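**Q** Please find structure-v7.cif (mmCIF, C-alpha atoms) on the next line:
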```cif
data_final
loop_
_atom_site.group_PDB
_atom_site.id
_atom_site.type_symbol
_atom_site.label_atom_id
_atom_site.label_comp_id
_atom_site.auth_asym_id
_atom_site.auth_seq_id
_atom_site.Cartn_x
_atom_site.Cartn_y
_atom_site.Cartn_z
ATOM 1 C CA MET A 1 -10.335 19.740 11.962
ATOM 2 C CA LYS A 2 -11.893 17.284 9.560
ATOM 3 C CA ASN A 3 -12.249 13.626 10.604
ATOM 4 C CA PRO A 4 -10.889 11.860 7.522
ATOM 5 C CA LYS A 5 -12.337 8.713 6.029
ATOM 6 C CA VAL A 6 -9.688 6.456 4.543
ATOM 7 C CA ALA A 7 -9.936 3.611 2.057
ATOM 8 C CA VAL A 8 -7.413 0.864 2.815
ATOM 9 C CA ILE A 9 -6.563 -1.660 0.105
ATOM 10 C CA LEU A 10 -5.287 -5.104 1.101
ATOM 11 C CA ALA A 11 -3.737 -7.805 -1.077
ATOM 12 C CA GLY A 12 -4.219 -10.949 0.993
ATOM 13 C CA ASN A 13 -3.094 -12.156 4.402
ATOM 14 C CA GLY A 14 0.605 -12.546 5.120
ATOM 15 C CA VAL A 15 3.861 -10.999 3.980
ATOM 16 C CA TYR A 16 4.958 -13.620 1.425
ATOM 17 C CA ASP A 17 1.760 -13.875 -0.610
ATOM 18 C CA GLY A 18 -0.538 -11.111 0.662
ATOM 19 C CA SER A 19 -0.542 -7.935 2.738
ATOM 20 C CA GLU A 20 2.053 -7.521 5.477
ATOM 21 C CA ILE A 21 -0.042 -7.926 8.627
ATOM 22 C CA HIS A 22 1.953 -5.615 10.903
ATOM 23 C CA GLU A 23 1.890 -2.829 8.318
ATOM 24 C CA ALA A 24 -1.823 -3.294 7.698
ATOM 25 C CA THR A 25 -2.735 -3.423 11.390
ATOM 26 C CA MET A 26 -0.537 -0.496 12.366
ATOM 27 C CA SER A 27 -2.024 1.567 9.528
ATOM 28 C CA LEU A 28 -5.568 0.869 10.708
ATOM 29 C CA TYR A 29 -4.574 1.718 14.291
ATOM 30 C CA ALA A 30 -2.904 4.973 13.215
ATOM 31 C CA ILE A 31 -5.946 6.060 11.205
ATOM 32 C CA VAL A 32 -8.288 5.712 14.173
ATOM 33 C CA LYS A 33 -5.722 6.976 16.723
ATOM 34 C CA ASN A 34 -5.432 10.198 14.735
ATOM 35 C CA GLY A 35 -9.183 10.767 14.534
ATOM 36 C CA GLY A 36 -10.029 9.090 11.254
ATOM 37 C CA ALA A 37 -12.146 6.153 10.140
ATOM 38 C CA TYR A 38 -11.466 3.475 7.564
ATOM 39 C CA GLU A 39 -13.068 0.985 5.233
ATOM 40 C CA ILE A 40 -11.137 -1.964 3.854
ATOM 41 C CA PHE A 41 -11.172 -3.286 0.297
ATOM 42 C CA ALA A 42 -9.523 -6.103 -1.644
ATOM 43 C CA PRO A 43 -9.955 -7.590 -5.112
ATOM 44 C CA ASP A 44 -12.095 -10.719 -5.506
ATOM 45 C CA ILE A 45 -9.417 -12.693 -7.368
ATOM 46 C CA ASP A 46 -7.250 -15.733 -6.772
ATOM 47 C CA GLN A 47 -3.838 -15.148 -5.225
ATOM 48 C CA HIS A 48 -0.898 -15.719 -7.553
ATOM 49 C CA HIS A 49 0.143 -18.548 -5.236
ATOM 50 C CA VAL A 50 0.064 -19.582 -1.583
ATOM 51 C CA ILE A 51 3.222 -19.606 0.539
ATOM 52 C CA ASN A 52 3.807 -21.615 3.711
ATOM 53 C CA HIS A 53 4.954 -18.876 6.069
ATOM 54 C CA THR A 54 6.915 -21.295 8.281
ATOM 55 C CA ASN A 55 9.346 -22.327 5.548
ATOM 56 C CA GLY A 56 8.764 -20.093 2.515
ATOM 57 C CA GLU A 57 7.698 -22.972 0.282
ATOM 58 C CA GLU A 58 4.838 -22.782 -2.195
ATOM 59 C CA MET A 59 1.743 -24.786 -1.287
ATOM 60 C CA LYS A 60 -0.463 -26.652 -3.763
ATOM 61 C CA GLU A 61 -3.694 -24.834 -3.052
ATOM 62 C CA THR A 62 -5.675 -21.818 -4.206
ATOM 63 C CA ARG A 63 -6.808 -18.934 -2.038
ATOM 64 C CA ASN A 64 -8.874 -15.832 -2.758
ATOM 65 C CA VAL A 65 -7.415 -12.374 -2.068
ATOM 66 C CA LEU A 66 -10.685 -10.915 -0.760
ATOM 67 C CA ILE A 67 -11.382 -13.867 1.532
ATOM 68 C CA GLU A 68 -7.839 -13.916 2.895
ATOM 69 C CA SER A 69 -7.819 -10.127 3.423
ATOM 70 C CA ALA A 70 -11.054 -10.495 5.397
ATOM 71 C CA ARG A 71 -9.004 -12.218 8.118
ATOM 72 C CA ILE A 72 -7.167 -8.950 8.786
ATOM 73 C CA ALA A 73 -10.375 -6.926 8.386
ATOM 74 C CA ARG A 74 -12.264 -9.157 10.849
ATOM 75 C CA GLY A 75 -14.816 -9.730 8.108
ATOM 76 C CA GLN A 76 -15.537 -6.026 7.550
ATOM 77 C CA ILE A 77 -14.358 -5.769 3.956
ATOM 78 C CA SER A 78 -15.717 -4.997 0.489
ATOM 79 C CA ASN A 79 -14.804 -5.948 -3.061
ATOM 80 C CA LEU A 80 -12.308 -3.499 -4.554
ATOM 81 C CA ASN A 81 -14.735 -2.900 -7.425
ATOM 82 C CA GLN A 82 -17.123 -1.287 -4.914
ATOM 83 C CA LEU A 83 -14.665 1.400 -3.830
ATOM 84 C CA ASN A 84 -16.173 4.805 -4.652
ATOM 85 C CA VAL A 85 -13.366 7.351 -4.383
ATOM 86 C CA SER A 86 -15.837 10.196 -3.844
ATOM 87 C CA ASN A 87 -16.751 8.659 -0.475
ATOM 88 C CA PHE A 88 -13.215 8.913 0.900
ATOM 89 C CA ASP A 89 -10.656 11.554 1.796
ATOM 90 C CA ALA A 90 -7.524 9.438 1.312
ATOM 91 C CA LEU A 91 -6.126 6.054 0.315
ATOM 92 C CA ILE A 92 -3.605 3.876 2.163
ATOM 93 C CA VAL A 93 -1.897 0.791 0.750
ATOM 94 C CA PRO A 94 0.188 -1.344 3.149
ATOM 95 C CA GLY A 95 2.997 -3.456 1.717
ATOM 96 C CA GLY A 96 3.671 -7.172 1.496
ATOM 97 C CA PHE A 97 4.452 -9.375 -1.502
ATOM 98 C CA GLY A 98 0.742 -9.535 -2.314
ATOM 99 C CA VAL A 99 1.000 -5.991 -3.646
ATOM 100 C CA ALA A 100 3.727 -7.188 -6.027
ATOM 101 C CA LYS A 101 2.039 -10.526 -6.823
ATOM 102 C CA ASN A 102 -1.728 -9.930 -6.641
ATOM 103 C CA LEU A 103 -2.269 -6.188 -7.174
ATOM 104 C CA SER A 104 0.461 -6.293 -9.817
ATOM 105 C CA ASP A 105 3.050 -8.712 -11.203
ATOM 106 C CA PHE A 106 6.061 -6.597 -10.219
ATOM 107 C CA ALA A 107 7.588 -9.550 -8.344
ATOM 108 C CA PHE A 108 7.848 -11.462 -11.620
ATOM 109 C CA LYS A 109 8.144 -8.859 -14.375
ATOM 110 C CA GLY A 110 9.845 -5.913 -12.679
ATOM 111 C CA THR A 111 9.598 -2.708 -14.681
ATOM 112 C CA GLU A 112 7.505 -4.487 -17.332
ATOM 113 C CA MET A 113 4.798 -5.220 -14.775
ATOM 114 C CA THR A 114 1.086 -4.871 -15.277
ATOM 115 C CA VAL A 115 -0.966 -3.313 -12.477
ATOM 116 C CA LEU A 116 -4.396 -4.748 -11.694
ATOM 117 C CA LYS A 117 -6.749 -2.462 -13.631
ATOM 118 C CA ALA A 118 -9.169 -1.864 -10.747
ATOM 119 C CA PHE A 119 -6.237 -0.860 -8.528
ATOM 120 C CA GLU A 120 -4.719 1.392 -11.185
ATOM 121 C CA ASP A 121 -8.058 3.089 -11.855
ATOM 122 C CA ILE A 122 -8.527 3.811 -8.147
ATOM 123 C CA ILE A 123 -5.065 5.348 -7.825
ATOM 124 C CA LEU A 124 -5.694 7.586 -10.823
ATOM 125 C CA GLU A 125 -9.106 8.630 -9.513
ATOM 126 C CA PHE A 126 -7.676 9.626 -6.115
ATOM 127 C CA VAL A 127 -5.138 11.781 -7.948
ATOM 128 C CA LYS A 128 -7.842 13.254 -10.196
ATOM 129 C CA GLN A 129 -9.872 14.221 -7.128
ATOM 130 C CA GLU A 130 -6.729 15.654 -5.491
ATOM 131 C CA LYS A 131 -6.930 13.296 -2.519
ATOM 132 C CA PRO A 132 -3.762 12.009 -0.825
ATOM 133 C CA ILE A 133 -2.347 8.496 -1.030
ATOM 134 C CA GLY A 134 -0.207 6.802 1.610
ATOM 135 C CA ALA A 135 1.926 3.818 0.616
ATOM 136 C CA LEU A 136 4.113 1.563 2.755
ATOM 137 C CA CYS A 137 6.977 -0.828 2.024
ATOM 138 C CA ILE A 138 6.919 -2.138 -1.585
ATOM 139 C CA SER A 139 3.580 -0.543 -2.531
ATOM 140 C CA PRO A 140 5.185 2.805 -3.523
ATOM 141 C CA ALA A 141 6.992 0.982 -6.355
ATOM 142 C CA ILE A 142 3.689 -0.159 -7.844
ATOM 143 C CA ILE A 143 2.150 3.290 -7.433
ATOM 144 C CA ALA A 144 5.215 4.766 -9.155
ATOM 145 C CA LYS A 145 4.401 2.642 -12.204
ATOM 146 C CA VAL A 146 0.953 4.248 -12.381
ATOM 147 C CA LEU A 147 1.963 7.810 -11.513
ATOM 148 C CA LYS A 148 4.658 8.814 -13.942
ATOM 149 C CA GLU A 149 7.459 11.045 -12.612
ATOM 150 C CA SER A 150 6.307 10.638 -9.017
ATOM 151 C CA THR A 151 8.699 10.881 -6.057
ATOM 152 C CA ILE A 152 8.679 7.966 -3.621
ATOM 153 C CA THR A 153 10.789 5.885 -1.247
ATOM 154 C CA ILE A 154 11.180 2.166 -0.716
ATOM 155 C CA GLY A 155 14.080 2.687 1.707
ATOM 156 C CA ASN A 156 17.540 1.834 0.394
ATOM 157 C CA ASP A 157 17.263 -1.442 -1.559
ATOM 158 C CA ASN A 158 19.437 -0.794 -4.604
ATOM 159 C CA GLU A 159 17.769 -3.287 -6.967
ATOM 160 C CA THR A 160 14.310 -1.895 -6.298
ATOM 161 C CA ILE A 161 15.569 1.690 -6.539
ATOM 162 C CA ILE A 162 16.978 0.940 -9.998
ATOM 163 C CA ALA A 163 13.620 -0.509 -11.070
ATOM 164 C CA VAL A 164 11.663 2.441 -9.680
ATOM 165 C CA GLU A 165 13.877 4.956 -11.446
ATOM 166 C CA ALA A 166 13.738 2.959 -14.689
ATOM 167 C CA MET A 167 9.958 3.421 -14.583
ATOM 168 C CA GLY A 168 10.451 7.185 -14.483
ATOM 169 C CA ALA A 169 10.029 7.871 -10.777
ATOM 170 C CA THR A 170 12.400 9.772 -8.505
ATOM 171 C CA HIS A 171 13.584 7.818 -5.483
ATOM 172 C CA ARG A 172 14.600 9.285 -2.128
ATOM 173 C CA ILE A 173 16.557 7.238 0.404
ATOM 174 C CA ALA A 174 14.653 7.019 3.711
ATOM 175 C CA ASP A 175 15.189 5.375 7.091
ATOM 176 C CA HIS A 176 12.817 3.948 9.690
ATOM 177 C CA GLY A 177 9.748 6.117 10.174
ATOM 178 C CA GLU A 178 10.808 8.685 7.599
ATOM 179 C CA VAL A 179 8.205 9.818 5.077
ATOM 180 C CA VAL A 180 8.856 11.119 1.572
ATOM 181 C CA ILE A 181 6.244 13.558 0.278
ATOM 182 C CA ASP A 182 5.337 14.119 -3.359
ATOM 183 C CA LYS A 183 3.423 17.397 -3.411
ATOM 184 C CA LYS A 184 2.292 17.053 -7.031
ATOM 185 C CA TYR A 185 0.514 13.739 -6.509
ATOM 186 C CA LYS A 186 -0.077 14.137 -2.757
ATOM 187 C CA LEU A 187 1.852 10.955 -2.012
ATOM 188 C CA ALA A 188 3.307 9.990 1.372
ATOM 189 C CA THR A 189 5.591 6.935 1.327
ATOM 190 C CA THR A 190 7.733 5.145 3.926
ATOM 191 C CA PRO A 191 9.982 2.020 3.806
ATOM 192 C CA CYS A 192 8.680 -0.158 6.688
ATOM 193 C CA TYR A 193 9.803 -3.767 6.118
ATOM 194 C CA MET A 194 11.813 -2.872 3.029
ATOM 195 C CA LEU A 195 14.317 -2.187 5.813
ATOM 196 C CA ASP A 196 15.278 -4.578 8.610
ATOM 197 C CA ALA A 197 12.645 -3.272 11.024
ATOM 198 C CA THR A 198 10.995 -3.928 14.373
ATOM 199 C CA ILE A 199 7.254 -3.742 14.879
ATOM 200 C CA VAL A 200 7.799 -0.467 16.769
ATOM 201 C CA GLU A 201 9.495 1.012 13.705
ATOM 202 C CA ILE A 202 6.623 -0.244 11.541
ATOM 203 C CA GLY A 203 4.217 1.524 13.878
ATOM 204 C CA ASP A 204 6.247 4.728 13.597
ATOM 205 C CA GLY A 205 6.187 4.554 9.804
ATOM 206 C CA ALA A 206 2.446 3.951 9.656
ATOM 207 C CA GLN A 207 1.785 6.723 12.153
ATOM 208 C CA ASN A 208 3.896 9.224 10.230
ATOM 209 C CA VAL A 209 2.292 8.367 6.891
ATOM 210 C CA VAL A 210 -1.178 8.793 8.371
ATOM 211 C CA LYS A 211 -0.247 12.123 9.949
ATOM 212 C CA ALA A 212 1.215 13.301 6.638
ATOM 213 C CA ILE A 213 -1.895 12.487 4.609
ATOM 214 C CA PHE A 214 -4.190 13.934 7.296
ATOM 215 C CA ASP A 215 -2.160 17.158 7.175
ATOM 216 C CA MET A 216 -2.722 17.257 3.399
ATOM 217 C CA ILE A 217 -6.452 16.764 3.865
ATOM 218 C CA ASN A 218 -6.764 19.520 6.435
ATOM 219 C CA LYS A 219 -4.744 21.973 4.340
ATOM 220 C CA LYS A 220 -6.998 21.480 1.313
#
```
Rewrite the structure from the file as structure tokens, please.

**A**
Amino acid sequence: MKNPKVAVILAGNGVYDGSEIHEATMSLYAIVKNGGAYEIFAPDIDQHHVINHTNGEEMKETRNVLIESARIARGQISNLNQLNVSNFDALIVPGGFGVAKNLSDFAFKGTEMTVLKAFEDIILEFVKQEKPIGALCISPAIIAKVLKESTITIGNDNETIIAVEAMGATHRIADHGEVVIDKKYKLATTPCYMLDATIVEIGDGAQNVVKAIFDMINKK
């Protein structure tokens, strides 16, 4: 069995303005637990804004997505522009509002969003090289914008489902830990905190996504 190498893309540090920390950490754990290795990447750009996570209010300061993501990565992180798809077997993107605010502007423009070009190019290159992509929480909605007519899940949030389908994707309702597979694009998606979830259920979702993409790699 191949020992997969996974690129993980983060969007900051914290659910309201960056990557969701539980989803990111559980994904990293699941990769290694299942015999893989990872490298972490984030764009060297300013966050859209900074949120006080104790009260949800916006703070009058500027933070950098790469520097904030480095907190989760324990400093072992590279600029997204340095991600060479040929060096990896798969891609994983945890959720968090940073995906919808920093890697795209989905949080503000909905179906009319623009996806960060470096992020979009990487998604398309993984598909071109027929390498699987795992996406958690809200990140499948952004990937659906890039991959036309893909099949994904974000759980059961009706407003987001409407947006995803308006962009041309097919949505499948999914519960805690359930994974929806798109065989054409080699996508594995799960809802995580798009549902009211515990950290155990987040761990289950991350574990099942990792297993799904590793199965795709080993069947290639």

**Q** Considering all atoms listed in the file, can you say which of A:Glu125, A:Glu159, A:Glu178, A:Asp215 comes closest to A:Asn34?

**A**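 Once distances to A:Asn34 are computed over all atoms listed in the file, the minimum belongs to A:Asp215.
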
**Q** Apply the PyMOL selection byres ((chain A and resi 61) around 8) to the structure shown and report the selected residues as a PyMOL selection string.

**A** chain A and resi 49-50+59-60+62-63

**Q** Take atom CA of A:Leu136 and atom CA of A:Ile92 and report the distance between them in Å, one decimal.

**A**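 Those two atoms sit 8.1 Å apart.
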
**Q** Given the choices A:Lys148, A:Lys33, A:Lys219, A:Lys131, which gets closest to A:Ala188 if the distance is worked out from all atoms listed in the file?

**A**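 For A:Ala188, the nearest of the given residues is A:Lys131.
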
**Q** Hey, can you check how far atom CA of A:His22 sits from atom CA of A:Ala118?

**A**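 Value for the atom CA of A:His22-atom CA of A:Ala118 distance: 24.6 Å.
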
**Q** Going by the chain IDs and residue numbers used in this file, which residues fall under the PyMOL selection byres ((chain A and resi 102) around 9)? Write them as a PyMOL selection string.

**A** chain A and resi 11-12+17-18+43+45-49+65+97-101+103-105+115-116

**Q** Could you name the residues that touch stretch 139-141 of chain A at 7 Å or less, counting only C-alpha atoms, but leaving out those on the same chain fewer than 2 positions away, as a PyMOL selection string?

**A** chain A and resi 93-95+99+135-137+143-145+152-154+164+189

**Q** When the PyMOL selection byres ((chain A and resi 151) around 7) is applied to the file above, which residues end up in the set, as a PDB file with C-alpha atoms, in the coordinates of the input?

**A**
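The resulting file, result35.pdb, is reproduced below:
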```
ATOM      1  CA  GLU A 149       7.459  11.045 -12.612  1.00  0.00           C
ATOM      2  CA  SER A 150       6.307  10.638  -9.017  1.00  0.00           C
ATOM      3  CA  ILE A 152       8.679   7.966  -3.621  1.00  0.00           C
ATOM      4  CA  ALA A 169      10.029   7.871 -10.777  1.00  0.00           C
ATOM      5  CA  THR A 170      12.400   9.772  -8.505  1.00  0.00           C
ATOM      6  CA  HIS A 171      13.584   7.818  -5.483  1.00  0.00           C
ATOM      7  CA  ASP A 182       5.337  14.119  -3.359  1.00  0.00           C
TER       8      ASP A 182
END
```

**Q** Which is closer to A:Ser19 than all the others in A:Ile72, A:Leu80, A:Leu195, A:Leu187, using only C-alpha atoms?

**A**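 Selected residue with least distance to A:Ser19: A:Ile72.
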
**Q** Grab the atom CA of A:Tyr193 to atom CA of A:Glu57 distance for me, in Å with one decimal place.

**A** 20.2 Å

**Q** Point out the residue among A:Asp175, A:Ile202, A:Ile67, A:Tyr185 with the least atom-to-atom distance to A:Lys128, counting all atoms listed in the file.

**A**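 So, comparing all the options, the nearest one is A:Tyr185.
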
**Q** Around all the atoms of stretch 47-60 of chain A listed in the file, with 3 Å of room on each side, what axis-aligned box do you get, giving centre and edge lengths in Å to one decimal, as JSON?

**A**
```
{"center_x": 2.8, "center_y": -20.9, "center_z": 0.4, "size_x": 19.2, "size_y": 17.5, "size_z": 21.8}
```
